[in-house]
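Visitor: Here it is, the structure in full.
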Amino acid sequence: LDQQLCQVTVVAPEGEILRVVGRQGDGPGEVRTPQGLAVIDDNGRHRIALAEQFPGKFVQLTDRGEPAGTIKVSGGPDPGVGFTFIAGCRRRGGNLVIAGQYSVPIENGQNRISYLAAIDADGTETVRYREHRTTLDFQKAHFLEREMAPAFHIASAVGPDGRVYCPRDRESYVVEARGRDGALEGTVGRPCESRKRDAREIARWDALFETQARQLPFPITWEVEEREPAIAELHVAADGTLWVRHSRSDRENPPGVFMRYDNFDAEGRWLREVHVRADADPDQDGLILLDDGRVLLVKGLVLARLTATGSQGAVFGEEDESGPMEVIGCRMVE
């Protein structure tokens with residue numbers, strides 16, 4: 001998914017670009033602020049569902065790019081009162097999970113509920129796995145990063161059986177494993193203090209809030225966290241093993257090591273720490289672990305993700321350092 005061009009590039013396993021589907025706009029099959037995509041099996045054929053940020057909905061396309069209908073999403077009890085946003089989505093094991101936010105206007109402000117939930121084919125919520133509530137007073141608006149970006153929005157994963165994995169909170173290295181029905185089935189973790197941010201990281205978050213401040217009709221102040229979230233990313237492999245990227249995974253590494261992951265087995269037992277060697281810069285580049293064991297090395301992924309987090313993007317002044325974006329297909333080898 002290209003969030004800036006509002007289109008999906010379909011690539012063959014060998015790397016050949018087969019076609020590009022989707023486009024920017026407000027008509028059938030068109031989106032403006034896509035936050036994720038889900039591939040849905042429809043009687044042997046595939047539909048591509050693009051998660052539109054606001055108003056929260058899925059714009060569907062056939063695998064050839066023709067419009068295929070819309071799934072409206074409601075995150076609250078009274079959809080006629082509040083507003084639903086989608087921050088991301090994941091579909092696996094037949095379970096479509098969204099990271100959403102439901103906002104209700106109040107006098108001089110807004111009540112917000114950030115949540116992680118499963119929805120059915122009609123967009124109706126079936127299970128709510130986690131939620132976080134906050135109230136904004138627009139007369140003295142002070143935005144806290146931890147309130148705007150709860151831990152389960154930063155990192156969550158869906159396993160091949162539909163189980164859902166997410167951090168317990170921002171500060172601690174604890175991952176909750178929940179069944180499709182939302183029941184807590186167990187936790188995994190280990191002692192690991194979250195890493196203190198450097199000046200560049202804090203400046204990047206300040207730039208995001210400054211971008212939002214320019215778009216709001218009232219003045220705001222904000223507070224950026226001194227430390228990174230303890231858990232940065234979660235991935236469940238096809239064999240059920242859990243891969244955890246924590247706040248120190250891309251720092252303090254041995255020479256030549258680009259990234260580290262913690263591995264836990266399907267029962268939550270510690271297995272090993274994986275050191276990944278790659279020709280990449282942790283300040284600019286990142287890895288995306290795919291369900292079939294392949295890995296995408298994405299040049300420029302860090303800034304791209306941060307830009308997508310901010311309203312209509314942010315300017316970081318680091319373009320000369322990052323270079324052009326590239327997506328490189330890889331496999332891990334021992």
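Chain identifiers are assigned as A, B, and so on, following the order in which chains appear in the structure tokens; residues are numbered from 1 within each chain, and ligands are numbered from 1 in order of appearance.
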If you take only C-alpha atoms and a cut-off of 12 Å, which residues of stretch 107-199 of chain A touch stretch 50-68 of chain A, and what are their nearest atom pairs and distances in Å to one decimal, in chain and number order, as JSON lines?
Guide:
```
{"residue": "A:Ile119", "atom": "CA", "partner": "A:Phe58", "partner_atom": "CA", "distance": 11.2}
{"residue": "A:Asp120", "atom": "CA", "partner": "A:Phe58", "partner_atom": "CA", "distance": 11.8}
{"residue": "A:Ala121", "atom": "CA", "partner": "A:Phe58", "partner_atom": "CA", "distance": 10.2}
{"residue": "A:Asp122", "atom": "CA", "partner": "A:Phe58", "partner_atom": "CA", "distance": 10.1}
{"residue": "A:Gly123", "atom": "CA", "partner": "A:Lys57", "partner_atom": "CA", "distance": 7.9}
{"residue": "A:Thr124", "atom": "CA", "partner": "A:Lys57", "partner_atom": "CA", "distance": 11.0}
```
Visitor: Can you pull out every residue within 10 Å of A:Glu193, counting only C-alpha atoms, but drop anything in the same chain fewer than 2 positions away, and send it as a list in words?
Guide: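 Skipping anything fewer than 2 positions along the chain leaves Glu171, Ser172, Tyr173, Arg190, Pro191, Arg195, Lys196, Arg227, Glu228, Pro229, Ala230, His246, Ser247 and Arg248 of chain A.
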Visitor: Write to file, as a compact mmCIF listing (two decimals), in the first residue's frame, the residues of the selection just made, with all heavy atoms.
Guide:
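Final output, part.txt:
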```txt
# COMPACT_ATOMS: atom_id res chain seq x y z
N GLU A 171 5.07 1.06 29.01
CA GLU A 171 6.34 1.04 29.72
C GLU A 171 6.97 -0.35 29.86
O GLU A 171 8.19 -0.48 29.87
CB GLU A 171 6.18 1.64 31.13
CG GLU A 171 5.92 3.13 31.15
CD GLU A 171 4.49 3.49 30.78
OE1 GLU A 171 3.62 2.59 30.90
OE2 GLU A 171 4.23 4.63 30.39
N SER A 172 6.15 -1.39 29.98
CA SER A 172 6.69 -2.70 30.34
C SER A 172 6.75 -3.63 29.13
O SER A 172 5.94 -3.54 28.21
CB SER A 172 5.85 -3.34 31.44
OG SER A 172 4.50 -3.42 31.07
N TYR A 173 7.71 -4.53 29.17
CA TYR A 173 7.87 -5.54 28.14
C TYR A 173 6.98 -6.73 28.51
O TYR A 173 7.44 -7.74 29.03
CB TYR A 173 9.34 -5.95 28.05
CG TYR A 173 9.71 -6.87 26.90
CD1 TYR A 173 10.85 -6.64 26.15
CD2 TYR A 173 8.95 -7.98 26.57
CE1 TYR A 173 11.23 -7.48 25.11
CE2 TYR A 173 9.29 -8.82 25.54
CZ TYR A 173 10.44 -8.56 24.81
OH TYR A 173 10.78 -9.39 23.78
N ARG A 190 9.88 -10.16 29.32
CA ARG A 190 11.14 -10.30 30.03
C ARG A 190 11.57 -8.92 30.53
O ARG A 190 11.08 -7.89 30.03
CB ARG A 190 12.21 -10.91 29.15
CG ARG A 190 12.69 -10.04 27.99
CD ARG A 190 13.76 -10.77 27.19
NE ARG A 190 14.30 -9.96 26.11
CZ ARG A 190 15.31 -9.10 26.24
NH1 ARG A 190 15.87 -8.91 27.44
NH2 ARG A 190 15.78 -8.42 25.20
N PRO A 191 12.47 -8.85 31.51
CA PRO A 191 12.94 -7.54 31.98
C PRO A 191 13.71 -6.82 30.88
O PRO A 191 14.63 -7.37 30.29
CB PRO A 191 13.88 -7.90 33.15
CG PRO A 191 13.47 -9.28 33.57
CD PRO A 191 13.00 -9.96 32.33
N ARG A 195 14.14 2.28 26.05
CA ARG A 195 15.29 3.11 25.71
C ARG A 195 14.94 4.59 25.73
O ARG A 195 13.86 5.00 25.28
CB ARG A 195 15.81 2.70 24.34
CG ARG A 195 16.99 3.52 23.84
CD ARG A 195 17.46 3.02 22.49
NE ARG A 195 16.42 3.08 21.47
CZ ARG A 195 16.06 4.20 20.83
NH1 ARG A 195 16.67 5.35 21.11
NH2 ARG A 195 15.11 4.16 19.91
N LYS A 196 15.88 5.40 26.22
CA LYS A 196 15.70 6.84 26.19
C LYS A 196 15.93 7.35 24.78
O LYS A 196 16.87 6.97 24.10
CB LYS A 196 16.68 7.52 27.16
CG LYS A 196 16.37 8.99 27.41
CD LYS A 196 17.25 9.56 28.51
CE LYS A 196 16.90 11.02 28.79
NZ LYS A 196 17.71 11.57 29.90
N ARG A 227 11.07 8.49 26.54
CA ARG A 227 11.48 7.13 26.22
C ARG A 227 10.59 6.53 25.14
O ARG A 227 9.42 6.87 25.01
CB ARG A 227 11.44 6.24 27.47
CG ARG A 227 12.49 6.61 28.51
CD ARG A 227 12.50 5.66 29.69
NE ARG A 227 13.58 5.97 30.62
CZ ARG A 227 14.81 5.51 30.50
NH1 ARG A 227 15.11 4.67 29.51
NH2 ARG A 227 15.73 5.84 31.36
N GLU A 228 11.17 5.64 24.39
CA GLU A 228 10.43 4.90 23.38
C GLU A 228 9.47 3.91 24.05
O GLU A 228 9.71 3.48 25.20
CB GLU A 228 11.39 4.11 22.49
CG GLU A 228 12.11 4.94 21.45
CD GLU A 228 11.21 5.27 20.29
OE1 GLU A 228 10.95 4.39 19.45
OE2 GLU A 228 10.73 6.43 20.23
N PRO A 229 8.38 3.51 23.38
CA PRO A 229 7.56 2.42 23.92
C PRO A 229 8.41 1.17 24.08
O PRO A 229 9.29 0.89 23.27
CB PRO A 229 6.48 2.24 22.84
CG PRO A 229 6.46 3.52 22.09
CD PRO A 229 7.86 4.06 22.12
N ALA A 230 8.14 0.42 25.13
CA ALA A 230 8.94 -0.78 25.39
C ALA A 230 8.88 -1.77 24.23
O ALA A 230 9.88 -2.39 23.87
CB ALA A 230 8.46 -1.46 26.68
N HIS A 246 11.76 -4.71 20.27
CA HIS A 246 11.60 -3.83 21.41
C HIS A 246 12.36 -2.52 21.18
O HIS A 246 12.95 -2.30 20.11
CB HIS A 246 12.05 -4.52 22.70
CG HIS A 246 13.43 -5.09 22.64
ND1 HIS A 246 14.57 -4.33 22.81
CD2 HIS A 246 13.87 -6.36 22.40
CE1 HIS A 246 15.63 -5.10 22.71
NE2 HIS A 246 15.24 -6.34 22.45
N SER A 247 12.35 -1.64 22.17
CA SER A 247 12.90 -0.29 21.98
C SER A 247 14.41 -0.29 21.77
O SER A 247 14.97 0.68 21.25
CB SER A 247 12.55 0.59 23.18
OG SER A 247 13.22 0.16 24.35
N ARG A 248 15.08 -1.35 22.15
CA ARG A 248 16.54 -1.43 21.99
C ARG A 248 16.96 -2.32 20.83
O ARG A 248 18.15 -2.54 20.62
CB ARG A 248 17.18 -1.94 23.29
CG ARG A 248 16.92 -1.03 24.49
CD ARG A 248 17.54 -1.58 25.77
NE ARG A 248 17.26 -0.70 26.89
CZ ARG A 248 17.99 0.37 27.23
NH1 ARG A 248 19.07 0.65 26.52
NH2 ARG A 248 17.67 1.11 28.26
```
Visitor: Env of stretch 327-329 of chain A: 7 Å cut, atoms = only C-alpha atoms, seq-sep filter 5 positions within chain, self excluded. Answer as a PyMOL selection string.
Guide: chain A and resi 295-299
Visitor: Let's see if you can do this: from backbone DSSP, list all alpha helix (DSSP H) residues in stretch 93-300 of chain A, as a count of residues only.
Guide: 25
Visitor: Find the residues near A:Ala99: any atom within 10 Å, counting only C-alpha atoms, skip ones fewer than 3 places away on the same chain, and give them as JSON, numbers by chain.
Guide: {"A": [35, 85, 86, 87, 88, 89, 90, 114, 115, 116, 117, 118, 130, 131, 152, 153, 154, 155, 156]}
Visitor: Which of these residues is nearest to A:Val81, using only C-alpha atoms: A:Val333, A:Leu144, A:Leu96, A:Val104?
Guide: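 That would be A:Val104, the residue with the smallest distance to A:Val81.
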Visitor: What is the distance, in Å and to one decimal place, between atom CA of A:Val244 and atom CA of A:Val39?
Guide: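 Taking atom CA of A:Val244 as the start and atom CA of A:Val39 as the end point, the length is 24.0 Å.
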Visitor: Have a look at A:Glu267, A:Asp262, A:Glu326, A:Asp292 and name the one nearest to A:Ala177; count only C-alpha atoms.
Guide: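 Closest to A:Ala177, using only C-alpha atoms: A:Glu267.
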